[in-house]
Each structure stands twice: as C-alpha cells, then as structure tokens.
Amino acid sequence: MALLVGAAWCALCLGTPYVPPHRLFGGGDEIARVVVTELRVPRLVLALVAGACLGAAGLVLQEALRNPLAVPEMLGVSSGAALGVAAPLVLAVSVPAAVEPLLALGGAALGGGLTLLAAGLGRSPSAVLLTGAAVAAALQAALLVLMVMADQLDLQLIYRYLLGSLSARTWEDVTGLWPWLLVAVPALVLCAPVLAVLRLGDDDAEALGVRVRRARFTALAVAVVLIAPVTAVCGPVAWVGFLAPHLVRRLNPRSDAVGWLPWSAAWGAAVVAVADVPARLALAPVETPAGAWTALLGVPAGVALLRRRR
C-alpha cells in the first residue's frame, strides 16, 4: 500500500510543472490544474487498471497451466493483440479508436486459439506452454515484417507501442476499458474456484467433476478478455503478468487462487504505476516506454523469486 501511495504521489506531483500535494485538486494556477486532471490523473488510473488486468491474467494463466512461466508473452496472446492493432496502421487502413480493442481482442484470440489448437485444445499444460512460445515467435515475426513495410513515422509509432507506453493517454482511453472490464471481472470471479481445483492436477480435477480441457480453454478466454483491451490502449506491457503472481505467492504461500487473485491484481497495478514514474521522469523531457521499465524491474526480480522458490 505504501508503495502504491508513493507511486501515485510521484505520478501526480512530479514533472513539469511541479504541483505540491496540497494543490493537487484545488488552488494553484489553471495550467497546473489542467495538467493534473486531464493528463496525470487519467494516466495514473490507466496504469492501475492495466496493471491489475495484466496481474490477474498472469495468475489465471499460471494456475490454469500449472506453470510459473505461463505468461501472456509466452502464449501468443500479447503478440496477437499487438499484431491486430499494428496491422491497420502499417497498411494505412483508417480504424476508429472504438474498434481498436476489437482488433486487439481478435488478434489475442487468434494467438491463444492457435496455441490451444496446436497443443490439442489444452490436453497438456506443458504442450500448451511450448506451443505458445512457438506461436508467439511466429506472431512476432509477422510484426517484424510489418515494421519493415512501415515508413519512418509509422515505424516510430509501432516501436513505441510494442514496448508498452502510457504517454499521451487521456480519459477517453480510460473510459474505453470499462465495457470490457464489466465482462471480464464477473468471469474472473467465476473462474477463480475452478483454477484452485486445476492446481491439483488433471486427474484429480476430473475426479472432482471438472472438465479439464474446457476449464483450461475458458481460463485462456478470460485472460484474453483481460489482456486485449489493455494491449489495444497501452501496447504489450511486458513481465507484469509474470512478476505480480510470483510476488503474491511469495508473500502468501499458503493461500490458493481465490485468495491470490485480488492481490495479484493489486501488485500488477503497483508494478505498472511504479514503472511509469521513471518512464516519465528519468530522461525528461523525453518519455521512455513504461514497458521497458517493467521489463527492467521484472526480469531480475522474477529470477530472484524463482530461485528462492526452488
């Protein structure tokens, strides 16, 4: 909680212009008020919502596949969503902003669906993970082909987008996520108890009456609905879905998926909010992508957590 409060204070107060805490939502000049309410607050809200979605999706994938390395980046979901958004930009197809989440959803569903089909509809968790890595590599190759075709301006936009950026996001971007969350959150709540059963193993889960392949497919569908709209707005913010679940398990190892889920969402929100502070301030006035900082934070922290777990 203290980490989240500190990140929120930095996000709202620091920068140009600097706004003292007691003048965040009252007093001060008009320019500072507009900067806070129209730029910094929606960016912070988007960072929290995006991080929560990615943290929850990472836990869903890891529990459904019983593998700590099962993350959106390894299953073709993030790459597919990015491909769905980047393709119209390179091909000069005019797409309304409201349609971009649908393109991301279609791309994510394509990546996840190819992974499940190639792995035999989720028959084996290890097969799903290995096949997902191959599908993700193929989709990333398609993205590279698009980048070769793009002109210089589009290439810069795609490159920043693929690293995951919260720059220049407004309230319109935030409000575009709520319809998807109204679908994803109830599905997530219903999915959590089944994840706790899947953790026991396929044979035990089937003995308890769970249709394993259908449950695994449903879990991936829930993860897609969580990841796709966030990727459409922010790009694929890497390693959040890996780091947040591991932090939760480290801090509360005796719980299960039902208890871990809200905390995984909270830690995901904290990770993105913290990473966005150096993304905005480290090289000011130039902004760096938040996804680059989540990777810098996530890779060493994740490796350390995995070593301690062993």
# chains A, B, ... in the order shown; residues from 1 in each chain; ligands from 1
call {"tool": "select_by_dssp", "arguments": {"residues": "region 36-284 of chain A", "states": "helix (DSSP H, G or I)", "output": "number ranges by chain"}}
result
A: 36-65, 72-74, 77-90, 97-118, 125-149, 152-163, 171-175, 178-198, 202-207, 212-234, 240-251, 257-281
call {"tool": "atom_distance", "arguments": {"atom1": "CA of Cys191 (chain A)", "atom2": "CA of Ser264 (chain A)"}}
result
14.7 Å
call {"tool": "closest_residue", "arguments": {"among": "A:Leu146, A:Val19, A:Val5, A:Ala52", "to": "Val85 (chain A)", "atoms": "only C-alpha atoms"}}
result
A:Leu146
call {"tool": "residues_around", "arguments": {"residues": "region 34-50 of chain A", "least_positions_apart": "5", "cutoff": "6 Å", "atoms": "only C-alpha atoms", "output": "PDB file with N, CA, C and O atoms, in the first residue's frame"}}
result
ATOM      1  N   LEU A  12       1.420  12.188  -9.731  1.00  0.00           N
ATOM      2  CA  LEU A  12       0.576  13.366  -9.770  1.00  0.00           C
ATOM      3  C   LEU A  12       1.344  14.667  -9.511  1.00  0.00           C
ATOM      4  O   LEU A  12       0.980  15.712 -10.040  1.00  0.00           O
ATOM      5  N   ARG A 169      -1.987   9.515 -22.885  1.00  0.00           N
ATOM      6  CA  ARG A 169      -3.277   8.847 -22.696  1.00  0.00           C
ATOM      7  C   ARG A 169      -4.220   9.772 -21.932  1.00  0.00           C
ATOM      8  O   ARG A 169      -3.800  10.500 -21.036  1.00  0.00           O
ATOM      9  N   THR A 170      -5.515   9.739 -22.287  1.00  0.00           N
ATOM     10  CA  THR A 170      -6.495  10.651 -21.716  1.00  0.00           C
ATOM     11  C   THR A 170      -7.654   9.867 -21.118  1.00  0.00           C
ATOM     12  O   THR A 170      -7.662   8.631 -21.107  1.00  0.00           O
ATOM     13  N   TRP A 171      -8.654  10.617 -20.632  1.00  0.00           N
ATOM     14  CA  TRP A 171      -9.836   9.975 -20.051  1.00  0.00           C
ATOM     15  C   TRP A 171     -10.573   9.125 -21.072  1.00  0.00           C
ATOM     16  O   TRP A 171     -11.230   8.140 -20.709  1.00  0.00           O
ATOM     17  N   VAL A 174      -9.232   5.704 -20.896  1.00  0.00           N
ATOM     18  CA  VAL A 174      -9.645   5.014 -19.674  1.00  0.00           C
ATOM     19  C   VAL A 174     -11.082   4.528 -19.793  1.00  0.00           C
ATOM     20  O   VAL A 174     -11.392   3.371 -19.476  1.00  0.00           O
ATOM     21  N   VAL A 230      -6.346  -3.850 -22.826  1.00  0.00           N
ATOM     22  CA  VAL A 230      -5.193  -3.142 -22.270  1.00  0.00           C
ATOM     23  C   VAL A 230      -4.097  -3.000 -23.325  1.00  0.00           C
ATOM     24  O   VAL A 230      -3.487  -1.938 -23.485  1.00  0.00           O
ATOM     25  N   ALA A 269      -1.073  -3.659 -10.527  1.00  0.00           N
ATOM     26  CA  ALA A 269      -1.313  -2.219 -10.584  1.00  0.00           C
ATOM     27  C   ALA A 269      -0.132  -1.452 -10.013  1.00  0.00           C
ATOM     28  O   ALA A 269       0.297  -0.430 -10.564  1.00  0.00           O
ATOM     29  N   VAL A 272       3.015  -1.461 -12.490  1.00  0.00           N
ATOM     30  CA  VAL A 272       2.914  -0.545 -13.634  1.00  0.00           C
ATOM     31  C   VAL A 272       2.970   0.905 -13.172  1.00  0.00           C
ATOM     32  O   VAL A 272       3.616   1.758 -13.802  1.00  0.00           O
ATOM     33  N   ALA A 273       2.305   1.223 -12.058  1.00  0.00           N
ATOM     34  CA  ALA A 273       2.337   2.598 -11.550  1.00  0.00           C
ATOM     35  C   ALA A 273       3.747   3.009 -11.162  1.00  0.00           C
ATOM     36  O   ALA A 273       4.176   4.139 -11.437  1.00  0.00           O
TER      37      ALA A 273
END
call {"tool": "residues_around", "arguments": {"residues": "Gly235 (chain A)", "least_positions_apart": "6", "cutoff": "6 Å", "atoms": "only C-alpha atoms", "output": "PyMOL selection string"}}
result
chain A and resi 161-162+164
call {"tool": "write_last_selection", "arguments": {"atoms": "N, CA and C atoms", "output": "CSV table (one decimal), in the first residue's frame"}}
result
chain,number,residue,atom,x,y,z
A,161,TYR,N,4.8,1.7,-29.4
A,161,TYR,CA,3.6,0.9,-29.0
A,161,TYR,C,4.0,-0.5,-28.5
A,162,LEU,N,4.9,-1.1,-29.3
A,162,LEU,CA,5.3,-2.5,-28.9
A,162,LEU,C,6.0,-2.6,-27.6
A,164,GLY,N,5.1,-0.8,-25.0
A,164,GLY,CA,4.2,-0.5,-24.0
A,164,GLY,C,4.3,0.9,-23.4
call {"tool": "closest_residue", "arguments": {"among": "A:Asp202, A:Leu281, A:Arg307, A:Ala136", "to": "Thr16 (chain A)", "atoms": "only C-alpha atoms"}}
result
A:Leu281
call {"tool": "closest_atom_pairs", "arguments": {"of": "region 175-247 of chain A", "to": "region 97-107 of chain A", "cutoff": "10 Å", "atoms": "only C-alpha atoms", "output": "JSON lines"}}
result
{"residue": "A:Gly176", "atom": "CA", "partner": "A:Ala98", "partner_atom": "CA", "distance": 7.3}
{"residue": "A:Leu177", "atom": "CA", "partner": "A:Pro101", "partner_atom": "CA", "distance": 8.5}
{"residue": "A:Trp180", "atom": "CA", "partner": "A:Pro101", "partner_atom": "CA", "distance": 8.9}
{"residue": "A:Val224", "atom": "CA", "partner": "A:Leu105", "partner_atom": "CA", "distance": 6.9}
{"residue": "A:Val225", "atom": "CA", "partner": "A:Leu105", "partner_atom": "CA", "distance": 6.8}
{"residue": "A:Leu226", "atom": "CA", "partner": "A:Leu105", "partner_atom": "CA", "distance": 9.3}
{"residue": "A:Ile227", "atom": "CA", "partner": "A:Leu105", "partner_atom": "CA", "distance": 8.2}
{"residue": "A:Ala228", "atom": "CA", "partner": "A:Leu105", "partner_atom": "CA", "distance": 4.8}
{"residue": "A:Pro229", "atom": "CA", "partner": "A:Pro101", "partner_atom": "CA", "distance": 4.8}
{"residue": "A:Val230", "atom": "CA", "partner": "A:Pro101", "partner_atom": "CA", "distance": 8.0}
{"residue": "A:Thr231", "atom": "CA", "partner": "A:Ala104", "partner_atom": "CA", "distance": 6.9}
{"residue": "A:Ala232", "atom": "CA", "partner": "A:Pro101", "partner_atom": "CA", "distance": 5.2}
{"residue": "A:Val233", "atom": "CA", "partner": "A:Pro101", "partner_atom": "CA", "distance": 7.6}
{"residue": "A:Gly235", "atom": "CA", "partner": "A:Ala104", "partner_atom": "CA", "distance": 9.7}
call {"tool": "residues_around", "arguments": {"residues": "Asp256 (chain A)", "least_positions_apart": "5", "cutoff": "10 Å", "atoms": "only C-alpha atoms", "output": "JSON, numbers by chain"}}
result
{"A": [63, 192, 193, 195, 196, 197, 199, 249, 261]}
call {"tool": "closest_residue", "arguments": {"among": "A:Ala223, A:Met149, A:Val210, A:Val274", "to": "Leu91 (chain A)", "atoms": "only C-alpha atoms"}}
result
A:Met149
call {"tool": "atom_distance", "arguments": {"atom1": "CA of Asn67 (chain A)", "atom2": "CA of Leu129 (chain A)"}}
result
8.3 Å
call {"tool": "closest_residue", "arguments": {"among": "A:Gly76, A:Pro96, A:Leu89, A:Ala137", "to": "Thr115 (chain A)", "atoms": "only C-alpha atoms"}}
result
A:Gly76
call {"tool": "residues_around", "arguments": {"residues": "Gly268 (chain A)", "least_positions_apart": "2", "cutoff": "12 Å", "atoms": "only C-alpha atoms", "output": "VMD selection string"}}
result
chain A and resid 4 47 to 59 237 to 248 260 to 266 270 to 275 294 298
call {"tool": "closest_residue", "arguments": {"among": "A:Leu166, A:Leu61, A:Ala133, A:Val183", "to": "Val277 (chain A)", "atoms": "only C-alpha atoms"}}
result
A:Leu166
call {"tool": "residues_around", "arguments": {"residues": "Val212 (chain A)", "least_positions_apart": "4", "cutoff": "10 Å", "atoms": "only C-alpha atoms", "output": "PDB file with N, CA, C and O atoms, in the first residue's frame"}}
result
ATOM      1  N   ALA A  64      -3.946 -22.077 -14.454  1.00  0.00           N
ATOM      2  CA  ALA A  64      -4.625 -22.982 -15.384  1.00  0.00           C
ATOM      3  C   ALA A  64      -3.661 -23.976 -16.004  1.00  0.00           C
ATOM      4  O   ALA A  64      -4.008 -25.141 -16.237  1.00  0.00           O
ATOM      5  N   GLY A 122      -5.513 -27.856 -25.320  1.00  0.00           N
ATOM      6  CA  GLY A 122      -5.153 -27.790 -23.909  1.00  0.00           C
ATOM      7  C   GLY A 122      -5.046 -29.129 -23.231  1.00  0.00           C
ATOM      8  O   GLY A 122      -5.258 -29.235 -22.025  1.00  0.00           O
ATOM      9  N   ARG A 123      -4.716 -30.175 -23.992  1.00  0.00           N
ATOM     10  CA  ARG A 123      -4.644 -31.504 -23.386  1.00  0.00           C
ATOM     11  C   ARG A 123      -3.542 -31.572 -22.337  1.00  0.00           C
ATOM     12  O   ARG A 123      -3.691 -32.201 -21.305  1.00  0.00           O
ATOM     13  N   SER A 124      -2.417 -30.947 -22.570  1.00  0.00           N
ATOM     14  CA  SER A 124      -1.297 -30.992 -21.645  1.00  0.00           C
ATOM     15  C   SER A 124      -0.808 -29.577 -21.359  1.00  0.00           C
ATOM     16  O   SER A 124      -0.570 -28.812 -22.296  1.00  0.00           O
ATOM     17  N   VAL A 194     -12.423 -22.629  -9.976  1.00  0.00           N
ATOM     18  CA  VAL A 194     -12.023 -23.717 -10.866  1.00  0.00           C
ATOM     19  C   VAL A 194     -10.503 -23.775 -10.975  1.00  0.00           C
ATOM     20  O   VAL A 194      -9.914 -24.857 -11.057  1.00  0.00           O
ATOM     21  N   VAL A 197      -9.021 -25.795  -8.270  1.00  0.00           N
ATOM     22  CA  VAL A 197      -9.150 -27.237  -8.486  1.00  0.00           C
ATOM     23  C   VAL A 197      -8.145 -27.720  -9.524  1.00  0.00           C
ATOM     24  O   VAL A 197      -7.533 -28.786  -9.371  1.00  0.00           O
ATOM     25  N   LEU A 198      -7.951 -26.946 -10.601  1.00  0.00           N
ATOM     26  CA  LEU A 198      -6.984 -27.338 -11.631  1.00  0.00           C
ATOM     27  C   LEU A 198      -5.573 -27.463 -11.068  1.00  0.00           C
ATOM     28  O   LEU A 198      -4.762 -28.239 -11.581  1.00  0.00           O
ATOM     29  N   GLY A 201      -4.070 -30.932 -10.316  1.00  0.00           N
ATOM     30  CA  GLY A 201      -3.673 -31.856 -11.374  1.00  0.00           C
ATOM     31  C   GLY A 201      -4.879 -32.283 -12.187  1.00  0.00           C
ATOM     32  O   GLY A 201      -6.018 -32.259 -11.706  1.00  0.00           O
ATOM     33  N   ASP A 202      -4.642 -32.686 -13.429  1.00  0.00           N
ATOM     34  CA  ASP A 202      -5.743 -33.023 -14.320  1.00  0.00           C
ATOM     35  C   ASP A 202      -6.565 -34.203 -13.813  1.00  0.00           C
ATOM     36  O   ASP A 202      -7.804 -34.175 -13.844  1.00  0.00           O
ATOM     37  N   ASP A 203      -5.913 -35.257 -13.352  1.00  0.00           N
ATOM     38  CA  ASP A 203      -6.638 -36.442 -12.906  1.00  0.00           C
ATOM     39  C   ASP A 203      -7.518 -36.139 -11.693  1.00  0.00           C
ATOM     40  O   ASP A 203      -8.685 -36.538 -11.641  1.00  0.00           O
ATOM     41  N   ASP A 204      -6.961 -35.443 -10.705  1.00  0.00           N
ATOM     42  CA  ASP A 204      -7.738 -35.110  -9.516  1.00  0.00           C
ATOM     43  C   ASP A 204      -8.873 -34.149  -9.848  1.00  0.00           C
ATOM     44  O   ASP A 204      -9.968 -34.261  -9.296  1.00  0.00           O
ATOM     45  N   ALA A 205      -8.610 -33.206 -10.749  1.00  0.00           N
ATOM     46  CA  ALA A 205      -9.653 -32.258 -11.129  1.00  0.00           C
ATOM     47  C   ALA A 205     -10.807 -32.969 -11.831  1.00  0.00           C
ATOM     48  O   ALA A 205     -11.988 -32.688 -11.565  1.00  0.00           O
ATOM     49  N   GLU A 206     -10.501 -33.916 -12.718  1.00  0.00           N
ATOM     50  CA  GLU A 206     -11.562 -34.669 -13.386  1.00  0.00           C
ATOM     51  C   GLU A 206     -12.324 -35.550 -12.396  1.00  0.00           C
ATOM     52  O   GLU A 206     -13.542 -35.726 -12.515  1.00  0.00           O
ATOM     53  N   ARG A 216      -9.605 -25.202 -18.985  1.00  0.00           N
ATOM     54  CA  ARG A 216      -8.374 -24.540 -19.419  1.00  0.00           C
ATOM     55  C   ARG A 216      -8.655 -23.585 -20.584  1.00  0.00           C
ATOM     56  O   ARG A 216      -8.095 -22.483 -20.641  1.00  0.00           O
ATOM     57  N   PHE A 217      -9.503 -23.989 -21.490  1.00  0.00           N
ATOM     58  CA  PHE A 217      -9.879 -23.121 -22.610  1.00  0.00           C
ATOM     59  C   PHE A 217     -10.601 -21.873 -22.102  1.00  0.00           C
ATOM     60  O   PHE A 217     -10.354 -20.762 -22.574  1.00  0.00           O
ATOM     61  N   THR A 218     -11.491 -22.048 -21.123  1.00  0.00           N
ATOM     62  CA  THR A 218     -12.214 -20.915 -20.554  1.00  0.00           C
ATOM     63  C   THR A 218     -11.271 -19.956 -19.843  1.00  0.00           C
ATOM     64  O   THR A 218     -11.411 -18.728 -19.943  1.00  0.00           O
TER      65      THR A 218
END
call {"tool": "closest_residue", "arguments": {"among": "A:Ser94, A:Ala295, A:Leu220, A:Pro300", "to": "Pro72 (chain A)", "atoms": "only C-alpha atoms"}}
result
A:Leu220
call {"tool": "decode", "arguments": {"residues": "region 137-165 of chain A", "atoms": "N, CA and C atoms", "output": "JSON list (two decimals), in the first residue's frame"}}
result
[["chain", "number", "residue", "atom", "x", "y", "z"],
["A", 137, "ALA", "N", 6.48, -16.58, -31.20],
["A", 137, "ALA", "CA", 7.61, -16.27, -32.08],
["A", 137, "ALA", "C", 7.13, -16.01, -33.51],
["A", 138, "ALA", "N", 6.16, -16.80, -33.98],
["A", 138, "ALA", "CA", 5.64, -16.60, -35.33],
["A", 138, "ALA", "C", 4.92, -15.25, -35.45],
["A", 139, "LEU", "N", 4.13, -14.88, -34.45],
["A", 139, "LEU", "CA", 3.42, -13.60, -34.49],
["A", 139, "LEU", "C", 4.40, -12.43, -34.40],
["A", 140, "GLN", "N", 5.44, -12.59, -33.61],
["A", 140, "GLN", "CA", 6.46, -11.54, -33.54],
["A", 140, "GLN", "C", 7.19, -11.40, -34.87],
["A", 141, "ALA", "N", 7.39, -12.50, -35.58],
["A", 141, "ALA", "CA", 7.99, -12.42, -36.91],
["A", 141, "ALA", "C", 7.08, -11.65, -37.86],
["A", 142, "ALA", "N", 5.77, -11.89, -37.76],
["A", 142, "ALA", "CA", 4.83, -11.13, -38.58],
["A", 142, "ALA", "C", 4.89, -9.64, -38.25],
["A", 143, "LEU", "N", 5.05, -9.31, -36.97],
["A", 143, "LEU", "CA", 5.20, -7.91, -36.58],
["A", 143, "LEU", "C", 6.46, -7.30, -37.18],
["A", 144, "LEU", "N", 7.54, -8.07, -37.21],
["A", 144, "LEU", "CA", 8.78, -7.57, -37.81],
["A", 144, "LEU", "C", 8.60, -7.30, -39.30],
["A", 145, "VAL", "N", 7.86, -8.16, -39.97],
["A", 145, "VAL", "CA", 7.58, -7.94, -41.39],
["A", 145, "VAL", "C", 6.82, -6.64, -41.58],
["A", 146, "LEU", "N", 5.83, -6.39, -40.72],
["A", 146, "LEU", "CA", 5.07, -5.14, -40.80],
["A", 146, "LEU", "C", 5.99, -3.93, -40.56],
["A", 147, "MET", "N", 6.91, -4.07, -39.62],
["A", 147, "MET", "CA", 7.81, -2.96, -39.33],
["A", 147, "MET", "C", 8.72, -2.66, -40.51],
["A", 148, "VAL", "N", 9.10, -3.68, -41.26],
["A", 148, "VAL", "CA", 9.92, -3.47, -42.45],
["A", 148, "VAL", "C", 9.12, -2.71, -43.51],
["A", 149, "MET", "N", 7.82, -2.98, -43.58],
["A", 149, "MET", "CA", 6.97, -2.33, -44.57],
["A", 149, "MET", "C", 6.60, -0.90, -44.19],
["A", 150, "ALA", "N", 6.73, -0.55, -42.92],
["A", 150, "ALA", "CA", 6.27, 0.75, -42.45],
["A", 150, "ALA", "C", 7.22, 1.87, -42.85],
["A", 151, "ASP", "N", 6.68, 3.09, -43.02],
["A", 151, "ASP", "CA", 7.54, 4.25, -43.23],
["A", 151, "ASP", "C", 8.12, 4.71, -41.89],
["A", 152, "GLN", "N", 8.95, 5.73, -41.92],
["A", 152, "GLN", "CA", 9.71, 6.12, -40.73],
["A", 152, "GLN", "C", 8.79, 6.56, -39.60],
["A", 153, "LEU", "N", 7.76, 7.35, -39.91],
["A", 153, "LEU", "CA", 6.86, 7.85, -38.86],
["A", 153, "LEU", "C", 6.07, 6.70, -38.24],
["A", 154, "ASP", "N", 5.50, 5.84, -39.08],
["A", 154, "ASP", "CA", 4.76, 4.69, -38.56],
["A", 154, "ASP", "C", 5.67, 3.76, -37.77],
["A", 155, "LEU", "N", 6.91, 3.63, -38.21],
["A", 155, "LEU", "CA", 7.85, 2.76, -37.51],
["A", 155, "LEU", "C", 8.11, 3.24, -36.09],
["A", 156, "GLN", "N", 8.25, 4.55, -35.92],
["A", 156, "GLN", "CA", 8.45, 5.09, -34.58],
["A", 156, "GLN", "C", 7.23, 4.83, -33.70],
["A", 157, "LEU", "N", 6.04, 5.02, -34.27],
["A", 157, "LEU", "CA", 4.82, 4.78, -33.51],
["A", 157, "LEU", "C", 4.69, 3.31, -33.10],
["A", 158, "ILE", "N", 4.97, 2.42, -34.05],
["A", 158, "ILE", "CA", 4.86, 0.99, -33.76],
["A", 158, "ILE", "C", 5.90, 0.56, -32.73],
["A", 159, "TYR", "N", 7.11, 1.07, -32.87],
["A", 159, "TYR", "CA", 8.18, 0.69, -31.94],
["A", 159, "TYR", "C", 7.82, 1.11, -30.52],
["A", 160, "ARG", "N", 7.34, 2.32, -30.34],
["A", 160, "ARG", "CA", 6.95, 2.79, -29.00],
["A", 160, "ARG", "C", 5.76, 1.99, -28.48],
["A", 161, "TYR", "N", 4.83, 1.70, -29.38],
["A", 161, "TYR", "CA", 3.65, 0.93, -28.97],
["A", 161, "TYR", "C", 4.03, -0.48, -28.53],
["A", 162, "LEU", "N", 4.93, -1.13, -29.26],
["A", 162, "LEU", "CA", 5.30, -2.50, -28.93],
["A", 162, "LEU", "C", 6.05, -2.62, -27.61],
["A", 163, "LEU", "N", 6.65, -1.54, -27.15],
["A", 163, "LEU", "CA", 7.31, -1.56, -25.85],
["A", 163, "LEU", "C", 6.35, -1.27, -24.71],
["A", 164, "GLY", "N", 5.15, -0.82, -25.02],
["A", 164, "GLY", "CA", 4.17, -0.53, -23.99],
["A", 164, "GLY", "C", 4.35, 0.86, -23.43],
["A", 165, "SER", "N", 3.47, 1.78, -23.79],
["A", 165, "SER", "CA", 3.63, 3.18, -23.38],
["A", 165, "SER", "C", 2.31, 3.73, -22.87]]
